[in-house]
$ cat coords05.csv   # CSV, C-alpha atoms
chain,number,residue,atom,x,y,z
A,256,MET,CA,-37.3,-1.8,-8.0
A,257,ALA,CA,-34.7,0.0,-5.9
A,258,ARG,CA,-33.7,3.5,-7.0
A,259,PRO,CA,-30.0,3.8,-8.2
A,260,ARG,CA,-27.7,5.3,-5.6
A,261,LEU,CA,-26.6,8.8,-6.2
A,262,GLY,CA,-23.0,9.6,-6.7
A,263,TRP,CA,-21.0,10.8,-3.6
A,264,PRO,CA,-20.2,14.2,-5.1
A,265,VAL,CA,-23.9,15.0,-5.1
A,266,VAL,CA,-24.7,13.4,-1.7
A,267,ARG,CA,-21.7,15.2,-0.3
A,268,VAL,CA,-23.2,18.6,-1.0
A,269,ALA,CA,-26.4,17.8,0.8
A,270,LEU,CA,-24.8,16.2,3.8
A,271,ARG,CA,-22.4,19.0,4.3
A,272,ALA,CA,-25.2,21.5,4.3
A,273,VAL,CA,-27.1,19.4,6.9
A,274,SER,CA,-23.9,19.2,9.0
A,275,GLN,CA,-23.7,23.0,9.0
A,276,GLY,CA,-27.3,23.4,10.2
A,277,ALA,CA,-29.4,23.5,7.0
A,278,THR,CA,-32.8,21.8,7.0
A,279,HIS,CA,-33.2,18.7,4.8
A,280,ARG,CA,-35.4,20.7,2.5
A,281,GLU,CA,-32.7,23.4,2.1
A,282,ALA,CA,-30.0,20.7,1.6
A,283,ALA,CA,-32.1,19.0,-1.0
A,284,LYS,CA,-32.6,22.2,-3.0
A,285,LEU,CA,-28.9,23.0,-2.8
A,286,ALA,CA,-27.9,19.6,-4.1
A,287,GLY,CA,-30.7,19.3,-6.6
A,288,ILE,CA,-32.1,16.1,-5.1
A,289,SER,CA,-35.3,15.1,-3.3
A,290,VAL,CA,-36.0,15.6,0.3
A,291,GLY,CA,-36.5,11.9,0.7
A,292,SER,CA,-33.0,11.2,-0.6
A,293,VAL,CA,-31.6,13.6,1.9
A,294,ASP,CA,-33.5,11.9,4.6
A,295,ASN,CA,-32.3,8.5,3.6
A,296,TYR,CA,-28.6,9.5,3.2
A,297,ALA,CA,-28.6,11.5,6.5
A,298,VAL,CA,-29.8,8.4,8.3
A,299,GLU,CA,-27.3,6.1,6.5
A,300,HIS,CA,-24.4,8.4,7.2
A,301,GLY,CA,-25.5,9.4,10.7
A,302,VAL,CA,-25.2,13.1,9.9
A,303,GLY,CA,-25.9,15.7,12.5
A,304,VAL,CA,-24.8,19.3,13.0
A,305,LEU,CA,-21.1,19.2,13.6
A,306,ARG,CA,-20.0,21.3,16.6
A,307,PRO,CA,-16.9,23.4,16.1
A,308,ARG,CA,-13.9,22.3,18.1
A,309,VAL,CA,-10.1,22.8,18.1
A,310,GLN,CA,-8.6,19.7,16.5
A,311,ARG,CA,-5.3,18.3,17.6
A,312,PRO,CA,-2.4,18.9,15.1
A,313,GLY,CA,-2.4,16.2,12.4
A,314,ALA,CA,-6.0,15.0,12.9
A,315,LEU,CA,-8.1,14.3,9.8
A,316,ARG,CA,-10.7,16.9,9.0
A,317,ILE,CA,-14.2,16.3,7.8
A,318,ASP,CA,-13.4,17.6,4.3
A,319,GLU,CA,-10.5,15.1,4.1
A,320,ARG,CA,-12.8,12.3,5.2
A,321,GLU,CA,-15.2,13.3,2.5
A,322,GLU,CA,-12.3,12.9,0.0
A,323,ILE,CA,-11.6,9.5,1.5
A,324,MET,CA,-15.2,8.5,0.7
A,325,LEU,CA,-14.7,9.8,-2.8
A,326,GLY,CA,-11.6,7.7,-3.2
A,327,ILE,CA,-13.4,4.6,-2.0
A,328,GLU,CA,-16.1,5.2,-4.6
A,329,ARG,CA,-13.5,5.6,-7.3
A,330,ALA,CA,-11.8,2.3,-6.1
A,331,GLU,CA,-8.6,4.2,-5.3
A,332,SER,CA,-6.0,2.5,-3.1
A,333,ASP,CA,-5.1,3.9,0.3
A,334,ALA,CA,-1.8,5.1,-1.1
A,335,GLN,CA,-3.6,7.0,-3.9
A,336,ILE,CA,-6.0,8.6,-1.5
A,337,GLY,CA,-3.2,9.6,0.8
A,338,ALA,CA,-1.1,11.1,-2.1
A,339,ARG,CA,-4.1,13.2,-3.1
A,340,LEU,CA,-4.6,14.5,0.4
A,341,GLY,CA,-0.9,14.8,1.4
A,342,ARG,CA,-1.3,12.1,4.0
A,343,HIS,CA,0.5,8.8,4.6
A,344,ARG,CA,-1.3,5.8,3.4
A,345,SER,CA,-1.3,4.3,6.9
A,346,THR,CA,-3.4,7.3,8.1
A,347,ILE,CA,-5.9,6.5,5.4
A,348,TYR,CA,-5.9,2.8,6.2
A,349,ARG,CA,-6.4,3.3,9.9
A,350,ASP,CA,-9.3,5.7,9.5
A,351,ILE,CA,-11.1,3.4,7.0
A,352,ARG,CA,-10.5,0.4,9.2
A,353,ALA,CA,-11.8,2.3,12.3
A,354,GLY,CA,-14.9,3.3,10.2
A,355,GLY,CA,-15.8,-0.3,9.4
A,356,GLY,CA,-13.9,-0.9,6.3
A,357,ARG,CA,-14.4,0.3,2.7
A,358,ARG,CA,-17.9,-1.1,2.4
A,359,ASN,CA,-19.2,0.6,5.6
A,360,TYR,CA,-17.0,3.7,5.8
A,361,ARG,CA,-19.0,6.9,6.3
A,362,PRO,CA,-17.1,10.2,6.7
A,363,TYR,CA,-19.5,11.9,9.1
A,364,ARG,CA,-19.7,8.9,11.3
A,365,ALA,CA,-15.9,8.8,11.3
A,366,GLN,CA,-15.8,12.5,12.2
A,367,ARG,CA,-18.3,12.1,15.0
A,368,ARG,CA,-16.4,9.2,16.4
A,369,ALA,CA,-13.2,11.3,16.4
A,370,ASP,CA,-15.0,14.2,18.1
A,371,ASP,CA,-16.4,11.8,20.8
A,372,GLN,CA,-12.9,10.4,21.4
A,373,SER,CA,-11.4,13.8,21.8
A,374,ARG,CA,-13.9,14.7,24.5
A,375,ARG,CA,-13.1,11.7,26.6
A,376,CYS,CA,-10.9,12.1,29.7
A,377,ARG,CA,-7.3,11.5,28.8
A,378,PRO,CA,-4.5,10.3,31.1
A,379,SER,CA,-2.6,13.1,32.9
A,380,TRP,CA,0.7,14.3,31.5
A,381,ILE,CA,2.5,12.8,34.5
A,382,VAL,CA,1.3,9.4,33.2
A,383,THR,CA,1.9,9.9,29.4
A,384,ARG,CA,5.2,11.7,29.9
A,385,PRO,CA,6.8,10.1,32.9
A,386,TRP,CA,10.3,11.4,32.0
A,387,LEU,CA,9.0,15.0,32.2
A,388,TRP,CA,7.4,14.3,35.6
A,389,ASP,CA,10.6,12.9,36.9
A,390,GLU,CA,12.5,16.0,35.8
A,391,VAL,CA,9.9,18.3,37.4
A,392,VAL,CA,10.0,16.4,40.7
A,393,ALA,CA,13.8,16.6,40.7
A,394,LEU,CA,13.7,20.3,40.1
A,395,LEU,CA,11.0,20.9,42.8
A,396,LYS,CA,13.2,19.2,45.3
A,397,THR,CA,16.0,21.6,44.4
A,398,PRO,CA,16.0,24.8,46.6
A,399,LYS,CA,14.5,27.9,45.1
A,400,TRP,CA,12.9,26.3,42.1
A,401,SER,CA,9.2,27.3,41.8
A,402,PRO,CA,6.7,25.8,39.2
A,403,GLU,CA,6.9,29.1,37.3
A,404,GLN,CA,10.7,28.9,37.1
A,405,ILE,CA,10.5,25.2,36.1
A,406,SER,CA,8.0,25.9,33.3
A,407,SER,CA,10.1,28.7,31.9
A,408,TRP,CA,13.4,26.7,32.2
A,409,LEU,CA,12.0,23.7,30.3
A,410,ARG,CA,10.9,25.9,27.4
A,411,ARG,CA,14.4,27.4,27.2
A,412,GLU,CA,16.1,24.1,27.4
A,413,HIS,CA,13.9,22.4,24.9
A,414,PRO,CA,12.8,25.1,22.4
A,415,GLY,CA,11.8,22.8,19.6
A,416,GLU,CA,10.4,19.9,21.7
A,417,PRO,CA,6.8,20.7,22.9
A,418,GLU,CA,6.6,17.3,24.6
A,419,TRP,CA,8.9,18.8,27.3
A,420,TRP,CA,6.7,21.9,27.8
A,421,VAL,CA,4.3,22.1,30.7
A,422,SER,CA,2.6,25.1,32.3
A,423,HIS,CA,3.1,26.1,35.9
A,424,GLU,CA,-0.6,25.6,36.5
A,425,SER,CA,-0.3,22.0,35.3
A,426,ILE,CA,2.6,21.5,37.7
A,427,TYR,CA,0.6,22.9,40.6
A,428,GLN,CA,-2.3,20.6,39.7
A,429,ALA,CA,0.0,17.6,39.5
A,430,ILE,CA,1.3,18.4,43.0
A,431,PHE,CA,-1.9,19.0,44.8
A,432,VAL,CA,-4.4,16.9,42.8
A,433,GLN,CA,-2.6,14.1,41.0
A,434,ALA,CA,0.4,13.3,43.3
A,435,LYS,CA,-0.5,10.9,46.1
A,436,GLY,CA,0.6,10.1,49.6
A,437,GLU,CA,4.0,11.0,50.9
A,438,LEU,CA,5.2,12.4,47.5
A,439,ARG,CA,2.4,14.9,47.6
A,440,LYS,CA,3.3,16.1,51.1
A,441,GLU,CA,7.0,16.2,50.2
A,442,LEU,CA,6.5,18.3,47.0
A,443,ALA,CA,4.0,20.6,48.8
A,444,ALA,CA,6.6,21.2,51.4
A,445,CYS,CA,9.2,22.1,48.7
A,446,LEU,CA,7.1,25.0,47.6
A,447,CYS,CA,8.1,28.4,48.9
A,448,SER,CA,4.7,29.0,50.4
A,449,GLY,CA,4.8,25.8,52.5
A,450,ARG,CA,1.0,25.5,52.1
A,451,ALA,CA,-0.6,22.1,51.9
A,452,ARG,CA,-3.1,23.4,49.4
A,453,ARG,CA,-2.6,26.1,46.7
A,454,ARG,CA,-4.7,29.2,46.8
A,455,PRO,CA,-4.9,31.4,43.7
A,456,ARG,CA,-3.4,34.8,44.4
A,457,ALA,CA,-6.3,36.6,42.9
A,458,ARG,CA,-8.6,35.1,45.5
A,459,SER,CA,-6.4,35.5,48.6
A,460,THR,CA,-7.5,38.2,51.0
A,461,GLY,CA,-5.3,39.2,53.9
A,462,THR,CA,-7.0,39.8,57.3
A,463,GLY,CA,-4.0,41.2,59.1
A,464,SER,CA,-2.3,44.6,58.8
A,465,PRO,CA,0.3,44.8,56.1
A,466,ILE,CA,2.4,47.3,58.2
A,467,VAL,CA,3.7,46.2,61.6
A,468,GLY,CA,2.6,48.5,64.4
A,469,MET,CA,0.3,50.6,62.1
A,470,VAL,CA,-2.1,52.9,64.0
A,471,ASN,CA,-5.5,53.4,62.6
A,472,ILE,CA,-6.3,56.9,61.5
A,473,SER,CA,-9.3,57.0,63.9
A,474,GLN,CA,-6.8,56.6,66.8
A,475,ARG,CA,-4.7,59.7,66.0
A,476,PRO,CA,-4.2,62.3,68.8
A,477,ALA,CA,-6.6,65.3,68.9
A,478,GLU,CA,-3.8,67.8,68.4
A,479,VAL,CA,-3.1,66.3,65.0
A,480,ALA,CA,-6.6,66.9,63.9
A,481,ASP,CA,-6.4,70.5,65.2
A,482,ARG,CA,-3.1,71.1,63.4
A,483,ALA,CA,-2.0,73.2,66.3
A,484,VAL,CA,1.6,71.9,66.3
A,485,PRO,CA,4.0,72.6,63.4
A,486,GLY,CA,4.6,69.3,61.5
A,487,HIS,CA,1.1,68.1,61.9
A,488,TRP,CA,0.0,69.8,58.7
A,489,GLU,CA,1.4,70.5,55.3
A,490,GLY,CA,2.2,74.0,54.2
A,491,ALA,CA,0.8,75.3,50.9
A,492,ILE,CA,3.4,75.9,48.2
$ encode --input "coords05.csv" --output "structure tokens"
Amino acid sequence: MARPRLGWPVVRVALRAVSQGATHREAAKLAGISVGSVDNYAVEHGVGVLRPRVQRPGALRIDEREEIMLGIERAESDAQIGARLGRHRSTIYRDIRAGGGRRNYRPYRAQRRADDQSRRCRPSWIVTRPWLWDEVVALLKTPKWSPEQISSWLRREHPGEPEWWVSHESIYQAIFVQAKGELRKELAACLCSGRARRRPRARSTGTGSPIVGMVNISQRPAEVADRAVPGHWEGAI
């Protein structure tokens, strides 16, 4: 005879502890259930230690996904769950559907899937925001506009529109790494430096003399070292 399933509020305590690095024995003691139950539910939910990461604005958090699971157990509608979490019902619907539907939804698997997706390579901003790239290219072709100036200008012109913001480092990368063919050569030529490849200032080392016609101190005349002629030495005050 199969054992009755434990309620989600109890299972939730144990699985959260496991996700934060607790052993199954520690999680079982905390939730007041057996170690075997923790083993079974950890396998069913695919729980592992969650790695901390910076989530994009608006993304569902693990505690919200736990509440979605609670709503499913209570037979709440997507709209009811969303109202309780302050989320639109479509957000709840999409997350449940991506997690396999109400019968198969597991919050920790959903969180792990979201984490994995966030770590995948995403298209460059010049692909996802072509209008911004067109604007940057036009400004680069304008005399005396540097990537630093363009970045600052875009923020001033669009203070409440972050989709128009781009750092000067991203602009340099777009020119030298992501731009192709003749466009890359043309944009590189538009930069004040005229270099075909950018070199960070912190790493650049000059090999020539910064002063034209400078004479090394080792080559000074002997009378200067002797201080025999007035003007070759400083008087004490």
$ atom_distance --input "coords05.csv" --atom1 "CA of Gly301 in chain A" --atom2 "CA of Gly341 in chain A"
26.8 Å
$ closest_residue --input "coords05.csv" --among "A:Glu299, A:Arg311, A:Ser274, A:Glu281" --to "Gln372 in chain A" --atoms "all atoms listed in the file"
A:Arg311
$ closest_residue --input "coords05.csv" --among "A:Arg367, A:Pro362, A:Leu442, A:Trp419" --to "Ser401 in chain A" --atoms "all atoms listed in the file"
A:Leu442
$ closest_residue --input "coords05.csv" --among "A:Val268, A:Ala353, A:Ala429, A:Leu285" --to "Trp388 in chain A" --atoms "all atoms listed in the file"
A:Ala429
$ residues_around --input "coords05.csv" --residues "His343 in chain A" --least-positions-apart "6" --cutoff "9 Å" --atoms "only C-alpha atoms" --output "list in words"
Asp333, Ala334, Ile336 and Gly337 of chain A
$ residues_around --input "coords05.csv" --residues "Ile327 in chain A" --least-positions-apart "5" --cutoff "12 Å" --atoms "only C-alpha atoms" --output "list in words"
Gly262, Trp263, Arg320, Glu321, Glu322, Ser332, Asp333, Ala334, Gln335, Ile336, Gly337, Ile347, Tyr348, Ile351, Gly356, Arg357, Arg358, Asn359, Tyr360, Arg361 and Pro362 of chain A
$ closest_residue --input "coords05.csv" --among "A:Gly415, A:Arg342, A:Leu394, A:Leu305" --to "Ala365 in chain A" --atoms "all atoms listed in the file"
A:Leu305
$ closest_residue --input "coords05.csv" --among "A:Glu328, A:Glu412, A:Asp350, A:Glu403" --to "Gln366 in chain A" --atoms "only C-alpha atoms"
A:Asp350
$ residues_around --input "coords05.csv" --residues "Ser406 in chain A" --least-positions-apart "2" --cutoff "12 Å" --atoms "only C-alpha atoms" --output "PyMOL selection string"
chain A and resi 387-388+390-391+394-395+400-404+408-414+417+419-427
$ build_atoms --input "coords05.csv" --residues "range 358-389 of chain A" --atoms "N, CA and C atoms" --output "PDB file, in the frame of the given file"
ATOM      1  N   ARG A 358     -16.511  -0.906   2.723  1.00  0.00           N
ATOM      2  CA  ARG A 358     -17.900  -1.100   2.400  1.00  0.00           C
ATOM      3  C   ARG A 358     -18.796  -0.242   3.385  1.00  0.00           C
ATOM      4  N   ASN A 359     -18.349  -0.095   4.619  1.00  0.00           N
ATOM      5  CA  ASN A 359     -19.200   0.600   5.600  1.00  0.00           C
ATOM      6  C   ASN A 359     -18.680   1.964   6.018  1.00  0.00           C
ATOM      7  N   TYR A 360     -17.584   2.409   5.443  1.00  0.00           N
ATOM      8  CA  TYR A 360     -17.000   3.700   5.800  1.00  0.00           C
ATOM      9  C   TYR A 360     -17.970   4.848   5.489  1.00  0.00           C
ATOM     10  N   ARG A 361     -18.207   5.729   6.468  1.00  0.00           N
ATOM     11  CA  ARG A 361     -19.000   6.900   6.300  1.00  0.00           C
ATOM     12  C   ARG A 361     -18.300   8.095   6.932  1.00  0.00           C
ATOM     13  N   PRO A 362     -17.963   9.131   6.164  1.00  0.00           N
ATOM     14  CA  PRO A 362     -17.100  10.200   6.700  1.00  0.00           C
ATOM     15  C   PRO A 362     -17.670  10.928   7.907  1.00  0.00           C
ATOM     16  N   TYR A 363     -18.987  11.144   7.939  1.00  0.00           N
ATOM     17  CA  TYR A 363     -19.500  11.900   9.100  1.00  0.00           C
ATOM     18  C   TYR A 363     -19.602  11.059  10.332  1.00  0.00           C
ATOM     19  N   ARG A 364     -19.804   9.773  10.166  1.00  0.00           N
ATOM     20  CA  ARG A 364     -19.700   8.900  11.300  1.00  0.00           C
ATOM     21  C   ARG A 364     -18.287   8.856  11.855  1.00  0.00           C
ATOM     22  N   ALA A 365     -17.322   8.817  10.928  1.00  0.00           N
ATOM     23  CA  ALA A 365     -15.900   8.800  11.300  1.00  0.00           C
ATOM     24  C   ALA A 365     -15.552  10.102  12.054  1.00  0.00           C
ATOM     25  N   GLN A 366     -16.084  11.219  11.574  1.00  0.00           N
ATOM     26  CA  GLN A 366     -15.800  12.500  12.200  1.00  0.00           C
ATOM     27  C   GLN A 366     -16.440  12.565  13.602  1.00  0.00           C
ATOM     28  N   ARG A 367     -17.654  12.077  13.711  1.00  0.00           N
ATOM     29  CA  ARG A 367     -18.300  12.100  15.000  1.00  0.00           C
ATOM     30  C   ARG A 367     -17.611  11.198  15.998  1.00  0.00           C
ATOM     31  N   ARG A 368     -17.110  10.054  15.541  1.00  0.00           N
ATOM     32  CA  ARG A 368     -16.400   9.200  16.400  1.00  0.00           C
ATOM     33  C   ARG A 368     -15.089   9.857  16.913  1.00  0.00           C
ATOM     34  N   ALA A 369     -14.406  10.554  16.000  1.00  0.00           N
ATOM     35  CA  ALA A 369     -13.200  11.300  16.400  1.00  0.00           C
ATOM     36  C   ALA A 369     -13.503  12.387  17.381  1.00  0.00           C
ATOM     37  N   ASP A 370     -14.611  13.085  17.173  1.00  0.00           N
ATOM     38  CA  ASP A 370     -15.000  14.200  18.100  1.00  0.00           C
ATOM     39  C   ASP A 370     -15.321  13.591  19.478  1.00  0.00           C
ATOM     40  N   ASP A 371     -16.024  12.451  19.510  1.00  0.00           N
ATOM     41  CA  ASP A 371     -16.400  11.800  20.800  1.00  0.00           C
ATOM     42  C   ASP A 371     -15.107  11.394  21.539  1.00  0.00           C
ATOM     43  N   GLN A 372     -14.158  10.837  20.799  1.00  0.00           N
ATOM     44  CA  GLN A 372     -12.900  10.400  21.400  1.00  0.00           C
ATOM     45  C   GLN A 372     -12.124  11.549  21.988  1.00  0.00           C
ATOM     46  N   SER A 373     -12.142  12.681  21.287  1.00  0.00           N
ATOM     47  CA  SER A 373     -11.400  13.800  21.800  1.00  0.00           C
ATOM     48  C   SER A 373     -11.950  14.438  23.015  1.00  0.00           C
ATOM     49  N   ARG A 374     -13.246  14.185  23.266  1.00  0.00           N
ATOM     50  CA  ARG A 374     -13.900  14.700  24.500  1.00  0.00           C
ATOM     51  C   ARG A 374     -13.755  13.830  25.680  1.00  0.00           C
ATOM     52  N   ARG A 375     -13.269  12.623  25.477  1.00  0.00           N
ATOM     53  CA  ARG A 375     -13.100  11.700  26.600  1.00  0.00           C
ATOM     54  C   ARG A 375     -11.932  12.160  27.479  1.00  0.00           C
ATOM     55  N   CYS A 376     -11.998  11.763  28.739  1.00  0.00           N
ATOM     56  CA  CYS A 376     -10.900  12.100  29.700  1.00  0.00           C
ATOM     57  C   CYS A 376      -9.646  11.379  29.228  1.00  0.00           C
ATOM     58  N   ARG A 377      -8.568  12.122  29.157  1.00  0.00           N
ATOM     59  CA  ARG A 377      -7.300  11.500  28.800  1.00  0.00           C
ATOM     60  C   ARG A 377      -6.382  11.409  29.982  1.00  0.00           C
ATOM     61  N   PRO A 378      -5.436  10.475  29.935  1.00  0.00           N
ATOM     62  CA  PRO A 378      -4.500  10.300  31.100  1.00  0.00           C
ATOM     63  C   PRO A 378      -3.730  11.621  31.281  1.00  0.00           C
ATOM     64  N   SER A 379      -3.366  11.873  32.513  1.00  0.00           N
ATOM     65  CA  SER A 379      -2.600  13.100  32.900  1.00  0.00           C
ATOM     66  C   SER A 379      -1.213  13.015  32.208  1.00  0.00           C
ATOM     67  N   TRP A 380      -0.611  14.184  32.069  1.00  0.00           N
ATOM     68  CA  TRP A 380       0.700  14.300  31.500  1.00  0.00           C
ATOM     69  C   TRP A 380       1.761  13.558  32.348  1.00  0.00           C
ATOM     70  N   ILE A 381       1.506  13.447  33.648  1.00  0.00           N
ATOM     71  CA  ILE A 381       2.500  12.800  34.500  1.00  0.00           C
ATOM     72  C   ILE A 381       2.466  11.250  34.217  1.00  0.00           C
ATOM     73  N   VAL A 382       1.394  10.776  33.561  1.00  0.00           N
ATOM     74  CA  VAL A 382       1.300   9.400  33.200  1.00  0.00           C
ATOM     75  C   VAL A 382       1.836   9.171  31.752  1.00  0.00           C
ATOM     76  N   THR A 383       1.453  10.053  30.846  1.00  0.00           N
ATOM     77  CA  THR A 383       1.900   9.900  29.400  1.00  0.00           C
ATOM     78  C   THR A 383       3.286  10.360  29.192  1.00  0.00           C
ATOM     79  N   ARG A 384       3.808  11.238  30.068  1.00  0.00           N
ATOM     80  CA  ARG A 384       5.200  11.700  29.900  1.00  0.00           C
ATOM     81  C   ARG A 384       5.937  11.575  31.227  1.00  0.00           C
ATOM     82  N   PRO A 385       6.189  10.346  31.620  1.00  0.00           N
ATOM     83  CA  PRO A 385       6.800  10.100  32.900  1.00  0.00           C
ATOM     84  C   PRO A 385       8.195  10.729  33.059  1.00  0.00           C
ATOM     85  N   TRP A 386       8.953  10.789  31.948  1.00  0.00           N
ATOM     86  CA  TRP A 386      10.300  11.400  32.000  1.00  0.00           C
ATOM     87  C   TRP A 386      10.211  12.874  32.382  1.00  0.00           C
ATOM     88  N   LEU A 387       9.165  13.553  31.904  1.00  0.00           N
ATOM     89  CA  LEU A 387       9.000  15.000  32.200  1.00  0.00           C
ATOM     90  C   LEU A 387       8.613  15.131  33.701  1.00  0.00           C
ATOM     91  N   TRP A 388       7.756  14.266  34.196  1.00  0.00           N
ATOM     92  CA  TRP A 388       7.400  14.300  35.600  1.00  0.00           C
ATOM     93  C   TRP A 388       8.568  14.087  36.499  1.00  0.00           C
ATOM     94  N   ASP A 389       9.430  13.132  36.139  1.00  0.00           N
ATOM     95  CA  ASP A 389      10.600  12.900  36.900  1.00  0.00           C
ATOM     96  C   ASP A 389      11.524  14.099  36.976  1.00  0.00           C
TER      97      ASP A 389
END
